[in-house]
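Read through the structure below, which is laid out as structure tokens, and then see the notes.
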Amino acid sequence: MDQVLNGITEQIRTKLTNAGVFHLILSRKKSTESIKNKITLKGSTYSISGKKIQDLYGIRIVLYFSSDINIALNIVRSMFTEIEESKSVDELSTETFGVARNNHVYQLPNEYLINSKQDYNDLIDHTFEVQYRTIFTEGILEIEHDFRYKYKDSWTDKSDLTRVLNSIIASLETNEWAINHVIEELTYSAYKNRDWESLLRNKLRLRINGELTKELKEILLVNSQFMKEIFKSERVDLLKILDGHFERIPLTYDNIIHILNVKKYKIYEITELLPMAIGWELNNL
């Protein structure tokens with residue numbers, strides 16, 4: 001893989017993995033032939049002194065859950081400088097189903113510029129594009145791009161087929177909602193059964209390692225109010241508390257409990273079990 005593309009991709013992958021976000025990452029660098037075709041297709045759109053190609057390097061972040069798109073966006077924004085005016089984000093009305101883009105352009109960090117050489121270099125910007133999608137929409141968007149977007153003339157006067165394709169996209173949105181509802185029901189079931197690991201896993205929807213230690217389990221079974229507060233909290237609020245803490249602290253069930261306790265709930269019995277190293281990290285983050 002290209003050195004620049006590999007470096008950026010691995011930086012993003014590491015950040016998302018440390019944050020526990022369920023994701024896949026795809027990446028590519030445009031070939032010389034692809035660049036030539038794009039320049040030919042767009043005519044005078046690109047020029048040395050004007051608009052330039054911004055997606056020489058392309059990265060696609062595929063999220064398991066639509067609610068994680070903003071989480072991934074914020075993580076990438078914390079790493080790279082976004083070119084706000086270059087983003088392509090579609091806002092569909094409540095009565096419209098279709099392909100919604102969520103593409104953002106970022107400045108290449110200076111350390112990569114020396115290795116970012118390419119044919120047609122005068123027409124290529126020092127940028128890269130990141131596309132954000134869900135795992136449900138990834139497949140249909142690829143089909144739509146290769147069979148409809150690239151060959152729009154073939155779809156002229158094909159309103160019936162366009163409607164069918166858009167209905168497929170609509171069904172995927174419904175399926176995404178249904179999956180979220182299933183996981184919410186799993187969370188409720190875990191709460192009722194006092195299965196705290198399952199509650200944390202489904203409530204937070206993070207890739208969590210290990211299992212709760214016996215000592216913490218015993219405290220949480222006695223002090224069930226702690227887990228009730230987590231169950232009643234909005235996921236986004238819990239993630240804000242946890243945000244940034246897993247750069248140096250392993251993402252485990254125990255550490256989630258300790259972070260939430262230190263930052264919000266402050267239960268004495270849990271504080272007594274806080275490992276010194278974790279406490280030091282929390283106080284210095």
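Ordered as shown in the structure tokens, chains take letters A, B, and onward, while each chain numbers its residues from 1 and ligands are numbered from 1 in the order shown.
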Would you list the contacts of A:Arg101 as a ChimeraX atom specification, taking every protein, DNA or RNA residue within 7 Å and counting only C-alpha atoms, but skipping same-chain residues closer than 2 positions in sequence?
/A:88-90,99,103
Can you tell me, as a PyMOL selection string, what residues are no more than 8 Å from stretch 21-34 of chain A when counting only C-alpha atoms, ignoring any on the same chain fewer than 4 positions away?
chain A and resi 2+5+9+13+16-17+38+55-65+68+72+118-119+205-207
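With only C-alpha atoms as the atoms that count, the residue of A:Lys264, A:Lys228, A:Glu197, A:Gly7 with the shortest distance to A:Glu111 is A:Gly7.
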Atom CA of A:Lys36 to atom CA of A:Glu144, distance in Å rounded to a single decimal
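These two atoms are separated by 22.7 Å.
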Across A:Asn255, A:Ser171, A:Ser224, A:Asn261, the smallest distance to A:Thr137, with only C-alpha atoms counted, is shown by A:Ser171
Which residue, A:Asn37, A:Thr134, A:Thr94, A:Ser49, has the smallest gap to A:Ile69 when you use only C-alpha atoms?
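Among A:Asn37, A:Thr134, A:Thr94, A:Ser49, it is A:Thr134 that comes nearest to A:Ile69.
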Could you give me, as a Markdown table, a per-residue list for stretch 59-139 of chain A showing, wherever an atom lies at most 9 Å from an atom of stretch 42-47 of chain A, the closest pair of atoms and their distance in Å to one decimal, using only C-alpha atoms and sorting by chain then residue number from low to high?
```
| residue | atom | partner | partner_atom | distance |
| --- | --- | --- | --- | --- |
| A:Asp122 | CA | A:Ser47 | CA | 7.9 |
| A:Leu123 | CA | A:Ser47 | CA | 5.9 |
| A:Ile124 | CA | A:Tyr46 | CA | 8.7 |
```
Out of stretch 54-280 of chain A, which residues get alpha helix (DSSP H) from DSSP, as a PyMOL selection string?
chain A and resi 69-77+110-113+135-144+159-192+196-204+214-222+224-232+235-242+253-260+268-271+276-280
Create the file for the chosen residues now, containing C-alpha atoms and written as a compact mmCIF listing (two decimals), in the first residue's frame.
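In the end it all went to selection-v5.txt:
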```txt
# COMPACT_ATOMS: atom_id res chain seq x y z
CA ILE A 69 -20.98 8.23 12.45
CA ASN A 70 -20.73 11.40 14.55
CA ILE A 71 -18.36 9.62 16.95
CA ALA A 72 -16.05 8.67 14.08
CA LEU A 73 -16.35 12.17 12.60
CA ASN A 74 -15.28 13.77 15.86
CA ILE A 75 -12.35 11.37 16.24
CA VAL A 76 -11.02 12.12 12.75
CA ARG A 77 -11.58 15.87 13.24
CA ASN A 110 3.10 18.05 6.63
CA GLU A 111 5.02 14.83 7.32
CA TYR A 112 3.26 13.15 4.39
CA LEU A 113 3.70 15.88 1.79
CA ILE A 135 -22.45 -1.38 7.24
CA PHE A 136 -26.05 -1.61 5.99
CA THR A 137 -25.66 1.08 3.33
CA GLU A 138 -22.13 0.21 2.20
CA GLY A 139 -23.17 -2.48 -0.29
CA ILE A 140 -26.12 -0.65 -1.87
CA LEU A 141 -24.10 2.56 -2.21
CA GLU A 142 -21.37 0.69 -4.08
CA ILE A 143 -23.95 -0.73 -6.47
CA GLU A 144 -25.61 2.67 -6.87
CA SER A 159 -38.41 6.41 -12.91
CA ASP A 160 -39.89 3.02 -12.06
CA LEU A 161 -36.47 1.43 -11.54
CA THR A 162 -35.24 4.50 -9.66
CA ARG A 163 -38.22 4.15 -7.33
CA VAL A 164 -37.44 0.45 -6.74
CA LEU A 165 -33.78 1.18 -5.99
CA ASN A 166 -34.75 3.96 -3.59
CA SER A 167 -37.23 1.63 -1.87
CA ILE A 168 -34.39 -0.82 -1.26
CA ILE A 169 -32.42 1.98 0.37
CA ALA A 170 -35.50 2.84 2.45
CA SER A 171 -35.74 -0.75 3.67
CA LEU A 172 -32.10 -0.62 4.78
CA GLU A 173 -32.87 2.43 6.92
CA THR A 174 -35.72 0.49 8.49
CA ASN A 175 -33.39 -2.46 9.15
CA GLU A 176 -30.87 -0.16 10.84
CA TRP A 177 -33.60 1.12 13.14
CA ALA A 178 -34.72 -2.45 13.86
CA ILE A 179 -31.20 -3.57 14.81
CA ASN A 180 -30.89 -0.64 17.22
CA HIS A 181 -34.24 -1.60 18.76
CA VAL A 182 -33.13 -5.23 19.19
CA ILE A 183 -29.98 -4.11 21.02
CA GLU A 184 -32.02 -1.77 23.23
CA GLU A 185 -34.21 -4.73 24.17
CA LEU A 186 -31.09 -6.78 24.94
CA THR A 187 -29.93 -3.95 27.21
CA TYR A 188 -33.23 -3.94 29.08
CA SER A 189 -33.16 -7.73 29.44
CA ALA A 190 -29.61 -7.55 30.83
CA TYR A 191 -30.68 -4.92 33.34
CA LYS A 192 -33.63 -7.00 34.55
CA TRP A 196 -23.91 -6.20 34.10
CA GLU A 197 -21.39 -7.14 31.42
CA SER A 198 -24.17 -7.60 28.87
CA LEU A 199 -25.74 -4.32 29.95
CA LEU A 200 -22.47 -2.40 29.45
CA ARG A 201 -21.73 -4.12 26.15
CA ASN A 202 -25.14 -3.43 24.63
CA LYS A 203 -25.69 -0.01 26.19
CA LEU A 204 -22.35 1.37 25.06
CA LYS A 214 -15.36 -10.79 41.08
CA GLU A 215 -14.93 -7.91 43.56
CA LEU A 216 -16.66 -5.38 41.30
CA LYS A 217 -19.43 -7.82 40.44
CA GLU A 218 -20.21 -8.31 44.12
CA ILE A 219 -20.34 -4.56 44.77
CA LEU A 220 -22.56 -3.93 41.74
CA LEU A 221 -24.96 -6.70 42.74
CA VAL A 222 -25.38 -5.07 46.15
CA SER A 224 -27.58 -2.00 41.83
CA GLN A 225 -28.46 1.72 41.80
CA PHE A 226 -25.12 2.35 40.08
CA MET A 227 -26.07 0.14 37.13
CA LYS A 228 -29.62 1.51 37.12
CA GLU A 229 -28.19 4.99 36.58
CA ILE A 230 -26.10 3.69 33.66
CA PHE A 231 -29.13 1.94 32.19
CA LYS A 232 -31.24 5.11 32.42
CA ARG A 235 -25.62 6.44 25.46
CA VAL A 236 -24.21 9.67 24.05
CA ASP A 237 -23.83 11.12 27.57
CA LEU A 238 -21.95 8.04 28.81
CA LEU A 239 -19.66 8.11 25.78
CA LYS A 240 -18.85 11.78 26.43
CA ILE A 241 -17.65 10.83 29.92
CA LEU A 242 -15.54 7.98 28.52
CA TYR A 253 -15.39 -3.62 31.83
CA ASP A 254 -13.58 -2.79 35.08
CA ASN A 255 -12.05 0.39 33.66
CA ILE A 256 -15.39 1.58 32.30
CA ILE A 257 -16.90 1.22 35.78
CA HIS A 258 -13.95 3.03 37.38
CA ILE A 259 -14.02 5.92 34.89
CA LEU A 260 -17.77 6.42 35.27
CA TYR A 268 -17.04 4.79 47.89
CA GLU A 269 -16.85 0.97 47.68
CA ILE A 270 -15.90 1.16 44.00
CA THR A 271 -13.37 3.92 44.64
CA MET A 276 -3.42 3.15 41.60
CA ALA A 277 -2.16 3.22 37.99
CA ILE A 278 -5.66 3.80 36.61
CA GLY A 279 -6.34 6.50 39.19
CA TRP A 280 -3.10 8.27 38.24
```
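The shortest atom-to-atom distance to A:Ile12, with only C-alpha atoms taken into account, belongs to A:Ser78 out of A:Ser66, A:Ser78, A:Thr252, A:Asn209.
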DSSP strand (DSSP E or B) residues within stretch 6-212 of chain A, listed as an mmCIF file with C-alpha atoms, in the first residue's frame:
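Saved the output as out39.cif:
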```cif
data_model
loop_
_atom_site.group_PDB
_atom_site.id
_atom_site.type_symbol
_atom_site.label_atom_id
_atom_site.label_comp_id
_atom_site.auth_asym_id
_atom_site.auth_seq_id
_atom_site.Cartn_x
_atom_site.Cartn_y
_atom_site.Cartn_z
ATOM 1 C CA VAL A 21 -15.913 1.751 17.975
ATOM 2 C CA HIS A 23 -15.939 -0.370 12.352
ATOM 3 C CA LEU A 24 -14.297 -1.481 9.134
ATOM 4 C CA ILE A 25 -11.874 0.643 7.101
ATOM 5 C CA LEU A 26 -11.362 0.562 3.347
ATOM 6 C CA SER A 27 -8.845 2.728 1.518
ATOM 7 C CA ARG A 28 -7.494 3.349 -1.951
ATOM 8 C CA LYS A 29 -5.222 5.678 -3.921
ATOM 9 C CA ILE A 53 -8.664 17.025 -7.204
ATOM 10 C CA TYR A 57 -6.314 9.350 -1.251
ATOM 11 C CA GLY A 58 -9.691 7.952 -0.246
ATOM 12 C CA ILE A 59 -10.644 6.289 3.038
ATOM 13 C CA ARG A 60 -14.026 4.811 3.845
ATOM 14 C CA ILE A 61 -15.041 4.256 7.453
ATOM 15 C CA VAL A 62 -17.879 1.747 7.685
ATOM 16 C CA LEU A 63 -19.672 1.865 11.046
ATOM 17 C CA GLU A 82 -10.954 19.524 7.931
ATOM 18 C CA SER A 88 -20.424 16.740 0.735
ATOM 19 C CA VAL A 89 -23.196 15.934 3.206
ATOM 20 C CA ASN A 102 -21.346 11.987 4.125
ATOM 21 C CA ASN A 103 -17.930 12.780 2.659
ATOM 22 C CA HIS A 104 -15.328 15.032 4.272
ATOM 23 C CA VAL A 105 -11.985 16.387 3.056
ATOM 24 C CA TYR A 106 -8.942 16.864 5.294
ATOM 25 C CA GLN A 107 -5.542 18.491 4.885
ATOM 26 C CA ILE A 124 -3.993 17.534 -7.205
ATOM 27 C CA THR A 127 -5.743 16.550 0.816
ATOM 28 C CA PHE A 128 -7.524 13.254 1.375
ATOM 29 C CA GLU A 129 -11.198 12.318 1.532
ATOM 30 C CA VAL A 130 -12.951 10.255 4.184
ATOM 31 C CA GLN A 131 -16.391 8.779 3.508
ATOM 32 C CA TYR A 132 -18.572 7.756 6.448
ATOM 33 C CA ARG A 133 -21.098 4.971 5.941
ATOM 34 C CA THR A 134 -22.934 2.300 7.866
ATOM 35 C CA LEU A 206 -18.207 -0.748 22.270
ATOM 36 C CA ASN A 209 -12.165 -6.603 26.515
#
```
Have a look at A:Tyr149, A:Asp195, A:Leu251, A:Val262 and name the one nearest to A:Gly210; count only C-alpha atoms.
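Ranking A:Tyr149, A:Asp195, A:Leu251, A:Val262 by distance to A:Gly210, first place goes to A:Leu251.
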